[in-house]
Amino acid sequence: MGATITEKIFSSKCRREIRAGSVVMVPVDGAMIHDITGPLAIQKFYEMGGKQVFDRKRIIMLFDHQVPADSIEAAMNHVYMRKFAAEQDIHNYDVCEGVCHQIVMEKGHAAPGEIIVGADSHTCMYGAAGAFGTGIGSTDMGFVLKFGALYFRVPESIRAQVSGTFRHRVGAKDLILSIAADIGADGATYKAIEFAGPTIEALDMPGRMTCCNMAIEMGAKTGIIAPDDVTWEYMTKRRAGTRPFPLASDPDATYAEQRSYDVNRLEPQVATPHNVDQGVPVGTVAGTHIDQVFIGSCTNGRFEDFAEAAEVLGTRKFSANVRVIIIPSSREEYLKTLRAGLIERFVAAGALVGAPSCGPCMGGAFGLLAPGEVSLSTSNRNFRGRQGSTEAEVYLCSPATAAASAISGEITDPREV
Amino acid sequence: MRVWKFGDNIDTDAIIPGRFLTIYDEKELAKHAFEGTRDDFAALVKDGDVIVACRNFGCGSSREHAPLALKGAGVRVILAKSFARIFFRNAINVGLLPLVSPDTDLMKDGSPIVVREREGKIVVGGREYSVEPVPEFMYHIVEAAGLVGYAKELKEAPVCTKSRR
């Protein structure tokens, strides 16, 4: 009987055949902590009697949620983590590099076949690199910092088989919003979502990251894509000495569920308040007034996302009635966008461009919404209160739809501007 | 001890909004539990009260602040039809007991509730329901007041490469 890519990764770690449903204590290849969940993880590490971390080179530390520090409390949390980094001789990317998941990917901290845990739910994004990435809480992370291992229940997989070619100004974000609407907010709980098929194979790495990033929005433990030439090309640039090896699900692997999607007729999608699985074709909500547009986050804060927005923008200006906040997800993505002249175009069009961070997505730093305000965002969550007031509303969409709507001041089909 | 009734997909932003995540003290977090979505909770919740919810309780972020805020509020047990994965682990790890029951639709807000988890029974408004049994190791973690107590006793993790079971 064949195995899924997830079962193969766990089997390789345990050096014996492991099937979905098994509970195993597995060594991890990397562990990521940031400024929100890190302080508590460190505290738990000490409470567990931790003196030295399991492997200082396998710990990825950075600050992205509240950067530069937006409160004295945040500044104190940063100081606490810096002290820990110095004490344990851990490399700390600190406030300068960008959003955790983008940094893990672009600095080559996640590679095919590896198990990476992060104290952040969107750690599932590393499946774009063929890694098993999963989000954990701070106490679990304290355990990982001490022991370098964690209990896992090896998940069953849902195979999302995607075929067809995207229409103009429709892409990966529209696909994943439509899959979330289909599977539902808890349709993949405790499972891995394996994205496959010709459409996925044709996606670039940023598009794959967008898809895997949002697996958690269906309750999944991870989203994963079998590594192919696109993955290996990305990896060899990011981690010296990378050698491709075969890693894919067997044709006769057992899946909990198999679902097929055809993107040939897919419309731009918008997730309506207050759940990610409430996606509708953009036409359904076209004309909805918006107060703020956010283009950024670990979901859609890469150069390709800004290029998509800029292509829609052209030489026009953003609506004077909309606050347009654009935040690259990392220094590297910022530089690429800057060198391509897009930052200048966004600023000239009326946007506020911020330094790499999570920005308004986390709802605890800046760019918050007042009661009654409406945000259109390329990020990953639209829960009530996510970006400020519980009486505000958040809609989610692609960078193309965000740009089109920022021009008109209301939710707009990007194919109609 | 009463039931605090919630619906489907109660997310971690509702349990503890993002602006309070610089706080790590559970009593301080408890003051902001469900702020803006259910303001009477923090003011009126009493030790031993039980949260009763429907599907996918705790979906969203990995923030452990969410179960900590509920623990700080005096909650010991959460009953739901299903839980989001990370919240479920986090709850156990901080010493909260997440119990699965298919019958939460029948339980009303404000009803008196008694939880006898060892017997797999709960009594709500005089009516008895059974809950899915909890694996024994989970009790060990919950009774050690979370994973910390368990981890203190360990010299090294019993990883799959070293021990065969």
# chains A, B, ... in the order shown; residues from 1 in each chain; ligands from 1
call {"tool": "interface_residues", "arguments": {"of": "chain A", "to": "chain B", "cutoff": "6 Å", "atoms": "only C-alpha atoms", "output": "ChimeraX atom specification"}}
result
/A:14,25-26,48-49,73,120-121,136-137,147,186,190,363-364,390
call {"tool": "residues_around", "arguments": {"residues": "Val100 (chain B)", "least_positions_apart": "5", "cutoff": "10 Å", "atoms": "only C-alpha atoms", "output": "JSON, numbers by chain"}}
result
{"B": [52, 53, 54, 55, 78, 79, 80, 81, 82, 83, 130, 131, 132, 133, 134]}
call {"tool": "select_by_dssp", "arguments": {"residues": "region 61-126 of chain B", "states": "strand (DSSP E or B)", "output": "list in words"}}
result
Val77, Ile78, Leu79, Ala80, Phe83, Leu97, Pro98, Leu99, Val100, Pro112, Ile113, Val114, Val115, Arg116, Lys121, Ile122, Val123 and Val124 of chain B
call {"tool": "residues_around", "arguments": {"residues": "Val347 (chain A)", "least_positions_apart": "3", "cutoff": "12 Å", "atoms": "only C-alpha atoms", "output": "VMD selection string"}}
result
chain A and resid 310 313 315 to 318 323 to 327 338 341 to 344 350 to 354
call {"tool": "residues_around", "arguments": {"residues": "Gly164 (chain A)", "least_positions_apart": "6", "cutoff": "9 Å", "atoms": "only C-alpha atoms", "output": "MDAnalysis selection string"}}
result
chainID A and resid 198:199 261:265
call {"tool": "write_last_selection", "arguments": {"atoms": "N, CA and C atoms", "output": "PDB file, in the first residue's frame"}}
result
ATOM      1  N   PRO A 198      -1.912  19.796 -12.341  1.00  0.00           N
ATOM      2  CA  PRO A 198      -1.172  20.653 -13.272  1.00  0.00           C
ATOM      3  C   PRO A 198      -1.183  22.144 -12.907  1.00  0.00           C
ATOM      4  N   THR A 199      -2.263  22.633 -12.304  1.00  0.00           N
ATOM      5  CA  THR A 199      -2.314  24.056 -11.951  1.00  0.00           C
ATOM      6  C   THR A 199      -1.304  24.370 -10.843  1.00  0.00           C
ATOM      7  N   TYR A 261     -10.592  20.410  -8.343  1.00  0.00           N
ATOM      8  CA  TYR A 261     -10.943  21.803  -8.631  1.00  0.00           C
ATOM      9  C   TYR A 261     -10.491  22.134 -10.050  1.00  0.00           C
ATOM     10  N   ASP A 262     -11.309  22.917 -10.744  1.00  0.00           N
ATOM     11  CA  ASP A 262     -10.984  23.350 -12.094  1.00  0.00           C
ATOM     12  C   ASP A 262     -10.975  24.876 -12.072  1.00  0.00           C
ATOM     13  N   VAL A 263      -9.838  25.480 -12.408  1.00  0.00           N
ATOM     14  CA  VAL A 263      -9.752  26.943 -12.299  1.00  0.00           C
ATOM     15  C   VAL A 263     -10.089  27.657 -13.608  1.00  0.00           C
ATOM     16  N   ASN A 264     -10.406  26.900 -14.653  1.00  0.00           N
ATOM     17  CA  ASN A 264     -10.682  27.534 -15.953  1.00  0.00           C
ATOM     18  C   ASN A 264     -11.746  28.620 -15.869  1.00  0.00           C
ATOM     19  N   ARG A 265     -12.747  28.395 -15.019  1.00  0.00           N
ATOM     20  CA  ARG A 265     -13.850  29.359 -14.923  1.00  0.00           C
ATOM     21  C   ARG A 265     -13.875  30.064 -13.572  1.00  0.00           C
TER      22      ARG A 265
END
call {"tool": "residues_around", "arguments": {"residues": "Val3 (chain B)", "least_positions_apart": "3", "cutoff": "12 Å", "atoms": "only C-alpha atoms", "output": "ChimeraX atom specification"}}
result
/B:6,41,44-53,75,77-80,104,106-115,122-125
call {"tool": "residues_around", "arguments": {"residues": "Gly108 (chain A)", "least_positions_apart": "5", "cutoff": "7 Å", "atoms": "only C-alpha atoms", "output": "MDAnalysis selection string"}}
result
chainID A and resid 235 238:239
call {"tool": "atom_distance", "arguments": {"atom1": "CA of Gly287 (chain A)", "atom2": "CA of Glu410 (chain A)"}}
result
5.1 Å
call {"tool": "residues_around", "arguments": {"residues": "Ile225 (chain A)", "least_positions_apart": "2", "cutoff": "7 Å", "atoms": "only C-alpha atoms", "output": "JSON, numbers by chain"}}
result
{"A": [127, 128, 130, 194, 195, 196, 227]}
